[in-house]
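J.: My structure file run_14.cif, mmCIF, C-alpha atoms and all ligand atoms, is below:
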data_model
#
loop_
_atom_site.label_atom_id
_atom_site.label_comp_id
_atom_site.auth_asym_id
_atom_site.auth_seq_id
_atom_site.Cartn_x
_atom_site.Cartn_y
_atom_site.Cartn_z
CA MET A 1 64.89 133.99 158.64
CA LYS A 2 68.33 132.77 157.62
CA ASP A 3 68.59 129.11 156.68
CA VAL A 4 70.31 126.83 159.17
CA VAL A 5 72.26 123.96 157.64
CA ILE A 6 73.41 121.07 159.81
CA LEU A 7 75.97 118.42 158.94
CA ALA A 8 74.98 115.36 160.95
CA LEU A 9 76.87 112.17 161.77
CA GLU A 10 75.55 108.86 163.11
CA SER A 11 77.65 105.81 164.01
CA SER A 12 76.03 104.37 167.14
CA CYS A 13 75.59 100.80 165.89
CA ASP A 14 76.24 99.23 162.50
CA GLU A 15 75.45 102.11 160.14
CA THR A 16 77.95 104.84 159.28
CA ALA A 17 75.90 107.81 158.16
CA CYS A 18 76.23 111.47 157.22
CA ALA A 19 73.49 113.88 156.16
CA ILE A 20 73.11 117.55 155.34
CA VAL A 21 69.81 118.94 156.59
CA ARG A 22 68.34 122.42 156.08
CA ASN A 23 66.12 123.95 158.77
CA GLY A 24 65.53 120.57 160.37
CA LYS A 25 63.08 119.52 157.65
CA GLU A 26 64.76 119.44 154.28
CA ILE A 27 67.24 116.67 153.48
CA LEU A 28 69.90 117.98 151.10
CA SER A 29 71.70 114.64 151.22
CA SER A 30 71.64 111.50 153.36
CA LYS A 31 74.23 108.77 152.99
CA VAL A 32 74.21 105.50 154.91
CA ALA A 33 76.92 102.83 154.72
CA SER A 34 75.37 99.71 156.19
CA GLN A 35 77.53 96.96 157.66
CA ILE A 36 74.69 94.41 157.70
CA ASP A 37 76.40 92.15 155.13
CA VAL A 38 79.42 91.74 157.39
CA HIS A 39 77.56 91.30 160.71
CA SER A 40 75.02 88.88 159.23
CA LEU A 41 77.93 86.44 158.78
CA TYR A 42 78.18 86.36 162.60
CA GLY A 43 74.42 86.41 163.31
CA GLY A 44 74.55 89.83 165.00
CA VAL A 45 76.61 92.99 165.42
CA VAL A 46 80.21 92.36 166.49
CA PRO A 47 81.27 95.60 168.26
CA GLU A 48 85.00 95.40 167.44
CA VAL A 49 84.27 94.80 163.78
CA ALA A 50 81.71 97.60 163.73
CA SER A 51 84.11 100.26 165.01
CA ARG A 52 86.78 99.20 162.56
CA ILE A 53 84.41 99.51 159.60
CA HIS A 54 83.16 102.90 160.87
CA ILE A 55 86.77 104.12 160.78
CA GLU A 56 87.14 102.89 157.20
CA ASN A 57 83.86 104.47 156.06
CA ILE A 58 83.40 107.73 157.92
CA SER A 59 85.48 110.12 155.82
CA ILE A 60 84.14 108.63 152.58
CA ILE A 61 80.55 109.00 153.72
CA ILE A 62 81.11 112.63 154.84
CA LYS A 63 82.66 113.45 151.47
CA GLU A 64 79.78 111.82 149.58
CA ALA A 65 77.12 113.66 151.62
CA LEU A 66 78.84 117.03 151.05
CA GLU A 67 79.23 116.34 147.33
CA GLU A 68 75.60 115.43 146.89
CA ALA A 69 74.49 118.56 148.73
CA ASN A 70 77.00 120.53 146.66
CA MET A 71 78.54 122.05 149.77
CA GLY A 72 81.75 122.26 151.73
CA VAL A 73 82.03 122.02 155.52
CA GLU A 74 82.54 125.81 155.53
CA ASP A 75 78.94 126.20 154.25
CA VAL A 76 77.24 124.48 157.20
CA ASP A 77 76.20 126.20 160.42
CA ALA A 78 76.90 123.38 162.86
CA ILE A 79 78.07 119.78 163.21
CA ALA A 80 75.60 117.46 164.95
CA VAL A 81 76.60 114.00 166.12
CA THR A 82 75.10 111.06 167.98
CA VAL A 83 76.88 110.91 171.34
CA GLY A 84 74.86 107.98 172.74
CA PRO A 85 73.41 105.55 173.52
CA GLY A 86 75.02 102.78 171.48
CA LEU A 87 78.19 100.75 171.10
CA ILE A 88 80.94 102.80 172.69
CA GLY A 89 83.64 102.02 170.12
CA SER A 90 81.25 102.86 167.28
CA LEU A 91 80.08 106.09 168.92
CA HIS A 92 83.69 107.22 169.43
CA VAL A 93 84.32 107.19 165.69
CA GLY A 94 81.47 109.59 164.89
CA VAL A 95 82.18 111.82 167.88
CA LEU A 96 85.87 112.10 167.01
CA ALA A 97 85.08 112.91 163.37
CA ALA A 98 82.56 115.57 164.47
CA LYS A 99 85.03 117.15 166.90
CA THR A 100 87.68 117.24 164.19
CA LEU A 101 85.34 119.02 161.75
CA ALA A 102 84.14 121.43 164.45
CA LEU A 103 87.71 122.30 165.39
CA ALA A 104 89.11 122.55 161.88
CA TYR A 105 86.24 124.67 160.53
CA ASN A 106 85.41 126.50 163.74
CA LYS A 107 81.78 125.31 163.84
CA PRO A 108 79.58 124.67 166.86
CA LEU A 109 79.30 121.02 167.91
CA VAL A 110 75.76 119.82 168.70
CA PRO A 111 75.41 116.61 170.76
CA VAL A 112 72.40 114.47 169.87
CA GLN A 113 70.89 111.58 171.79
CA HIS A 114 70.17 108.80 169.28
CA LEU A 115 66.52 108.17 170.24
CA THR A 116 65.64 111.86 169.92
CA GLY A 117 66.88 111.47 166.35
CA HIS A 118 64.46 108.60 165.73
CA ILE A 119 61.65 110.77 167.12
CA TYR A 120 62.53 113.83 165.00
CA ALA A 121 62.66 111.71 161.81
CA ASN A 122 58.91 112.38 161.90
CA ALA A 123 59.55 116.10 161.28
CA PHE A 124 60.41 115.20 157.66
CA VAL A 125 56.82 114.02 157.19
CA GLY A 126 54.69 116.54 159.05
CA GLU A 127 54.44 119.11 161.80
CA LEU A 128 54.92 117.68 165.30
CA GLN A 129 51.93 118.60 167.44
CA PHE A 130 52.39 118.77 171.19
CA PRO A 131 51.64 117.20 173.54
CA LEU A 132 52.52 114.04 171.65
CA LEU A 133 53.15 110.40 172.43
CA ALA A 134 56.10 108.68 170.71
CA LEU A 135 56.42 104.91 170.50
CA VAL A 136 60.17 104.39 170.11
CA VAL A 137 60.89 100.84 169.00
CA SER A 138 64.36 99.80 167.87
CA GLY A 139 66.98 97.11 168.26
CA GLY A 140 68.13 98.52 171.58
CA HIS A 141 65.10 100.40 172.92
CA THR A 142 61.38 100.18 173.53
CA GLU A 143 60.05 103.38 175.07
CA LEU A 144 56.85 105.32 175.34
CA VAL A 145 57.82 108.97 175.39
CA LEU A 146 55.54 111.85 176.32
CA MET A 147 56.57 115.18 174.78
CA LYS A 148 54.73 118.19 176.16
CA GLU A 149 56.77 120.50 173.95
CA ASP A 150 59.72 120.55 171.57
CA TYR A 151 62.74 118.78 173.01
CA ASP A 152 61.01 117.81 176.22
CA PHE A 153 61.16 114.02 176.67
CA GLU A 154 59.42 112.12 179.48
CA VAL A 155 59.75 108.34 179.38
CA ILE A 156 56.43 106.98 180.69
CA GLY A 157 57.04 103.33 179.76
CA THR A 158 60.09 101.26 178.99
CA THR A 159 61.14 97.65 178.57
CA GLN A 160 62.03 95.65 181.65
CA ASP A 161 64.27 93.31 179.66
CA ASP A 162 64.77 92.95 175.88
CA ALA A 163 63.93 95.60 173.32
CA VAL A 164 61.28 94.58 170.79
CA GLY A 165 63.75 94.69 167.87
CA GLU A 166 66.12 92.53 169.89
CA ALA A 167 63.28 89.99 170.37
CA TYR A 168 62.69 89.96 166.59
CA ASP A 169 66.42 89.39 166.05
CA LYS A 170 66.66 86.59 168.66
CA VAL A 171 63.55 84.78 167.45
CA ALA A 172 64.84 85.01 163.87
CA ARG A 173 68.11 83.50 165.01
CA VAL A 174 66.49 80.44 166.63
CA LEU A 175 64.37 79.99 163.51
CA GLY A 176 67.57 80.11 161.43
CA LEU A 177 66.48 83.21 159.52
CA GLY A 178 69.65 85.30 159.86
CA TYR A 179 70.32 88.89 160.99
CA PRO A 180 68.61 91.34 161.20
CA GLY A 181 65.49 89.40 162.04
CA GLY A 182 62.85 92.14 161.81
CA PRO A 183 62.53 92.45 158.04
CA VAL A 184 62.53 88.63 157.50
CA ILE A 185 59.91 87.94 160.18
CA ASP A 186 57.84 90.83 158.80
CA ARG A 187 57.92 89.23 155.32
CA LEU A 188 57.34 85.59 156.40
CA ALA A 189 54.54 86.50 158.83
CA LYS A 190 52.48 87.68 155.84
CA GLN A 191 52.50 84.10 154.53
CA GLY A 192 51.51 82.53 157.86
CA THR A 193 48.64 82.45 160.35
CA PRO A 194 49.18 83.19 164.07
CA ARG A 195 48.01 79.74 165.20
CA TYR A 196 50.69 78.97 167.81
CA GLN A 197 49.63 79.96 171.34
CA LEU A 198 52.06 82.35 173.04
CA PRO A 199 51.50 83.84 176.50
CA ARG A 200 50.52 87.40 177.35
CA ILE A 201 53.35 89.00 179.31
CA HIS A 202 52.50 90.88 182.50
CA THR A 203 54.44 93.93 183.74
CA ASP A 204 54.07 95.65 187.13
CA ASN A 205 53.86 99.09 185.55
CA PRO A 206 51.06 98.69 182.99
CA LEU A 207 52.88 101.06 180.60
CA ASP A 208 56.11 99.01 180.66
CA PHE A 209 57.08 96.35 178.15
CA SER A 210 58.67 92.90 178.47
CA PHE A 211 59.84 90.72 175.62
CA SER A 212 62.26 88.14 176.98
CA GLY A 213 59.39 85.91 178.18
CA LEU A 214 57.88 85.96 174.71
CA LYS A 215 61.21 84.98 173.17
CA SER A 216 61.52 82.06 175.65
CA ALA A 217 57.93 81.01 174.89
CA VAL A 218 58.80 80.77 171.20
CA LEU A 219 61.81 78.66 172.11
CA GLN A 220 59.74 76.33 174.33
CA SER A 221 57.05 76.04 171.70
CA LEU A 222 59.69 75.02 169.09
CA LYS A 223 61.05 72.35 171.47
CA ARG A 224 57.56 71.00 172.12
CA ILE A 225 56.81 70.76 168.39
CA GLU A 226 60.09 68.92 167.89
CA ARG A 227 59.40 66.52 170.79
CA ASN A 228 56.03 65.66 169.26
CA GLY A 229 57.85 64.76 166.06
CA GLU A 230 56.09 67.52 164.12
CA GLU A 231 57.53 70.06 161.68
CA VAL A 232 57.46 73.68 162.71
CA ASN A 233 55.68 75.90 160.24
CA VAL A 234 58.07 78.88 160.14
CA PRO A 235 55.69 81.45 158.61
CA ASP A 236 53.03 80.49 161.19
CA MET A 237 55.56 80.87 164.02
CA CYS A 238 56.66 84.26 162.63
CA ALA A 239 53.04 85.38 162.46
CA SER A 240 52.34 84.11 166.00
CA PHE A 241 55.39 85.86 167.47
CA GLN A 242 54.71 89.07 165.59
CA GLU A 243 51.05 89.26 166.59
CA ALA A 244 51.97 88.63 170.25
CA ALA A 245 54.76 91.24 170.20
CA LEU A 246 52.67 93.89 168.48
CA LYS A 247 49.77 93.19 170.84
CA VAL A 248 52.08 94.06 173.74
CA LEU A 249 53.18 97.25 172.01
CA TRP A 250 49.75 98.40 171.01
CA SER A 251 48.09 97.62 174.36
CA ARG A 252 50.57 100.01 176.05
CA VAL A 253 49.99 102.70 173.44
CA GLU A 254 46.24 102.42 173.93
CA LEU A 255 46.55 102.71 177.70
CA ALA A 256 48.84 105.73 177.40
CA LEU A 257 46.40 107.41 175.02
CA GLN A 258 43.69 106.93 177.66
CA GLN A 259 45.86 108.23 180.49
CA TYR A 260 47.41 111.24 178.77
CA ASP A 261 45.73 113.94 176.82
CA VAL A 262 47.83 114.05 173.65
CA ARG A 263 47.20 115.54 170.22
CA GLN A 264 49.45 113.27 168.20
CA LEU A 265 50.97 109.79 168.08
CA ILE A 266 54.26 109.18 166.30
CA LEU A 267 56.20 105.98 165.62
CA ALA A 268 59.99 105.91 165.69
CA GLY A 269 62.90 103.48 165.32
CA GLY A 270 63.76 100.44 163.22
CA VAL A 271 60.71 98.40 164.24
CA ALA A 272 58.47 101.25 163.01
CA ALA A 273 59.41 99.92 159.56
CA ASN A 274 57.30 96.83 160.36
CA SER A 275 54.44 96.61 157.88
CA ARG A 276 52.03 95.02 160.36
CA LEU A 277 52.72 97.66 163.03
CA ARG A 278 52.10 100.37 160.42
CA GLU A 279 48.84 98.66 159.39
CA ILE A 280 47.64 98.29 163.01
CA THR A 281 48.50 101.93 163.73
CA GLU A 282 46.52 103.16 160.73
CA LYS A 283 43.53 101.00 161.67
CA GLU A 284 43.55 101.75 165.42
CA MET A 285 44.04 105.49 164.99
CA LYS A 286 40.65 105.66 163.27
CA LYS A 287 39.29 105.34 166.82
CA TYR A 288 40.88 108.70 167.66
CA PRO A 289 39.48 111.16 165.10
CA ASP A 290 40.63 114.16 167.18
CA MET A 291 44.25 113.05 167.04
CA THR A 292 46.80 113.03 164.25
CA TYR A 293 49.55 110.46 163.77
CA ILE A 294 52.79 110.23 161.81
CA ILE A 295 54.69 107.15 160.66
CA PRO A 296 58.12 107.93 159.22
CA PRO A 297 59.03 106.71 155.72
CA LEU A 298 60.80 103.33 155.78
CA SER A 299 64.30 104.65 155.08
CA TYR A 300 64.07 107.05 158.03
CA CYS A 301 62.90 104.38 160.51
CA THR A 302 66.22 102.52 160.63
CA ASP A 303 69.44 104.30 161.58
CA ASN A 304 70.42 107.28 159.42
CA ALA A 305 72.01 110.68 159.91
CA ALA A 306 69.17 112.82 158.51
CA MET A 307 67.21 112.18 161.72
CA ILE A 308 70.24 113.31 163.74
CA GLY A 309 70.23 116.50 161.63
CA ALA A 310 66.53 117.03 162.38
CA SER A 311 67.01 116.62 166.12
CA GLY A 312 70.32 118.51 165.99
CA TYR A 313 68.58 121.45 164.34
CA ILE A 314 66.13 121.81 167.25
CA ALA A 315 68.98 121.43 169.74
CA TYR A 316 71.05 124.05 167.91
CA MET A 317 68.11 126.50 167.84
CA LYS A 318 67.74 125.96 171.59
CA GLY A 319 71.41 126.78 172.07
CA ILE A 320 72.46 123.25 173.02
CA THR A 321 76.11 122.88 172.02
CA ALA A 322 79.03 120.91 173.45
CA ASP A 323 82.68 121.63 174.18
CA LEU A 324 85.34 119.78 172.26
CA ASP A 325 86.07 117.62 175.30
CA ILE A 326 82.63 115.93 175.14
CA GLU A 327 82.80 112.12 175.25
CA ALA A 328 80.54 109.48 173.75
CA SER A 329 78.31 107.72 176.29
CA SER A 330 77.02 104.19 175.69
CA SER A 331 74.02 104.60 178.02
CA LEU A 332 73.04 108.24 177.50
CA GLU A 333 69.42 108.95 178.40
CA MET A 334 67.04 111.24 176.56
O1 LIG A 401 66.66 101.80 164.85
P1 LIG A 401 67.49 100.70 164.36
O2 LIG A 401 67.97 100.74 162.92
O3 LIG A 401 68.77 100.50 165.24
C1 LIG A 401 68.75 100.73 166.61
O4 LIG A 401 68.84 101.90 167.02
O5 LIG A 401 68.59 99.71 167.32
O6 LIG A 401 66.64 99.35 164.60
C2 LIG A 401 67.11 98.10 164.24
C3 LIG A 401 66.08 97.07 164.66
C4 LIG A 401 66.55 95.63 164.47
O7 LIG A 401 66.29 94.91 165.65
C5 LIG A 401 65.70 95.12 163.32
O8 LIG A 401 65.43 93.73 163.38
C6 LIG A 401 64.43 95.93 163.51
O9 LIG A 401 64.88 97.21 163.90
N1 LIG A 401 63.64 96.03 162.27
C7 LIG A 401 62.40 95.53 162.14
C8 LIG A 401 62.02 95.75 160.80
N2 LIG A 401 63.04 96.41 160.17
C9 LIG A 401 64.02 96.57 161.10
N3 LIG A 401 61.61 94.89 163.03
C10 LIG A 401 60.40 94.48 162.60
N4 LIG A 401 59.97 94.64 161.33
C11 LIG A 401 60.72 95.28 160.40
N5 LIG A 401 60.27 95.43 159.16
ZN ZN A 402 68.46 103.47 166.07
#
Write out the structure in this file as structure tokens.
Ligand code: KG4
Ligand code: ZN
T.:
Amino acid sequence: MKDVVILALESSCDETACAIVRNGKEILSSKVASQIDVHSLYGGVVPEVASRIHIENISIIIKEALEEANMGVEDVDAIAVTVGPGLIGSLHVGVLAAKTLALAYNKPLVPVQHLTGHIYANAFVGELQFPLLALVVSGGHTELVLMKEDYDFEVIGTTQDDAVGEAYDKVARVLGLGYPGGPVIDRLAKQGTPRYQLPRIHTDNPLDFSFSGLKSAVLQSLKRIERNGEEVNVPDMCASFQEAALKVLWSRVELALQQYDVRQLILAGGVAANSRLREITEKEMKKYPDMTYIIPPLSYCTDNAAMIGASGYIAYMKGITADLDIEASSSLEM
């Protein structure tokens, strides 16, 4: 069969990224320009600033990705781009660049939903086996997704308030640890013990998540420690928050594995980079010898364009393409 090469673009949040992917599995190049240094000055992503930096970076990053893959746009079969969800101004930059390339080089335009990209990042590691359960955990989303077959996404659990990555970022902020909070809390938690009591959060749908109560509990606990004239032990608080948050995540996964007959579990999204979540997954999956599981490599957990190329490849093979009048959508569902 003829090779299919996808040029993929991602600009939904604070990473400008371009990748060239062959047959949905082989990364010929993957370039990411992170804006973290700039946004960390403000303690979080500033949307206006993000879109401006995307505009500055996008053509450079496309050029670099093509150079590394030793290709021109004429050599690719299609242009895939994240059309949502995300920051609307940021999304516009990628979508406009993709439309321009598609028009100038007469290539099909493949619209990709960002979270499907996170899911298909796993295709770089191993064969997806359906039906599968995906735990999608990022800065904007916390979803349990049941996939009965390729490109079939059923959300069986979602967050009722904050996303888990957002909770990491907010807790890090109140602890004065900077942005993004996930990697710092991950690192500090290793030096602490989870000795602070934090409540278990209830949700009406047992497969749903909730994290804003946990964040408030951390805040209240910090106030109480201060009132008592004690010093907060930051590593211990990081460990306590992390154990509570991951307990919520894993309890839902476990319930879903009992309720649905799946062959594989996959992790996806920025929080899948968390070392403790990866450790828990490896340990807990020993209880399911009949199932396989995949955890994406660290660099493909956080936002990148290779994952958009992997998802875009499946979409392209299924004949999913868009007209040039397609618009970015900040709240696009899977
Ligand atoms: O997938 P992603 O790069 O962007 C979104 O689509 O949201 O995820 C970013 C999120 C941030 O909230 C960040 O704090 C979190 O992923 N994150 C982590 C870790 N690395 C990144 N959370 C926990 N532990 C980590 N090691
Ligand atoms: Zn993401």
J.: Which protein, DNA or RNA residues have an atom within 9 Å of ligand LIG 401 (chain A), counting all atoms listed in the file, as an MDAnalysis selection string?
T.: chainID A and resid 12:15 85:86 114:115 118 136:141 163:170 172 179:187 242 268:277 298 300:304
J.: Please determine, counting only C-alpha atoms, which residue among A:Asp3, A:Glu154, A:Asp161, A:Glu282 has the shortest atom-to-atom distance to Ala78 of chain A.
T.: A:Asp3
J.: Please provide the set of residues having any atom within 9 Å of segment 93-100 of chain A, restricted to all atoms listed in the file, with same-chain residues fewer than 4 positions apart removed, written as a ChimeraX atom specification.
T.: /A:8-12,16-17,51-52,54-55,58-59,79-83,88-89,104-105,109,111,323-328
J.: For a cut-off of 8 Å around (47.3, 97.0, 167.9), file coordinates, pick out all residues using only C-alpha atoms and list them as a list in words.
T.: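 Those within range, by chain then number, are Leu246, Lys247, Leu249, Trp250, Ser251, Leu277, Ile280, Thr281 and Glu284 of chain A.
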J.: Just give me the gap between atom CA of Arg22 of chain A and atom CA of Leu66 of chain A in Å, one decimal is fine.
T.: 12.8 Å
J.: Name the closest residue to Lys31 of chain A among the candidates A:Lys63, A:Lys223, A:Lys2, A:Lys190; distances are taken between atoms, counting all atoms listed in the file.
T.: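 Checking each candidate against Lys31 of chain A, we get A:Lys63 as the closest.
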J.: For each of A:Ser221, A:Ser30, A:Thr158, A:Asn23, take the minimum atom-to-atom distance to Ser299 of chain A, counting all atoms listed in the file, then give the residue where this is smallest.
T.: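 With all atoms listed in the file as the atom set, the closest residue is A:Ser30.
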J.: So that I can check the surroundings of segment 198-210 of chain A, please list as an MDAnalysis selection string every protein, DNA and RNA residue that reaches within 7 Å of it, counting all atoms listed in the file and ignoring chain neighbours fewer than 4 positions away.
T.: chainID A and resid 156:162 214 217 244 252 256
J.: Between A:Tyr42, A:Phe241, A:Tyr120, A:Tyr293, which has the minimum distance to ligand ZN 402 (chain A) (counting all atoms listed in the file)?
T.: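 Of A:Tyr42, A:Phe241, A:Tyr120, A:Tyr293, the one nearest ligand ZN 402 (chain A), counting all atoms listed in the file, is A:Tyr120.
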J.: Could you jot down the atom CA of Val262 of chain A to atom CA of Lys283 of chain A separation for me, Å, one decimal place?
T.: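 Computing the Euclidean distance for atom CA of Val262 of chain A and atom CA of Lys283 of chain A yields 18.2 Å.
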J.: One decimal, Å: what's the distance from atom CA of Gly229 of chain A over to atom CA of Gln197 of chain A, could you say?
T.: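 Straight-line distance from atom CA of Gly229 of chain A to atom CA of Gln197 of chain A works out to 18.1 Å.
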J.: Nearest residue to Glu243 of chain A out of A:Leu132, A:Ala189, A:Ala69, A:Ile225, using all atoms listed in the file?
T.: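 Looking at the shortest contact to Glu243 of chain A, the residue is A:Ala189.
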J.: Could you tell me which of A:Lys287, A:Gly72, A:Lys25, A:Ser34 comes closest to Leu101 of chain A if we count only C-alpha atoms?
T.: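 Nearest to Leu101 of chain A: A:Gly72.
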J.: With 9 Å as the threshold, what does the neighbourhood of (69.7, 118.1, 154.8) contain in terms of residues, counting all atoms listed in the file? Coordinates are those of the file; answer as a PyMOL selection string.
T.: chain A and resi 5-8+19-30+69+306+309-310
J.: Show me, as a PyMOL selection string, the residues that have an atom within 9 Å of Asn122 of chain A when counting only C-alpha atoms, minus same-chain residues fewer than 5 positions from it.
T.: chain A and resi 127-128+266-268+294-297+300+307+310
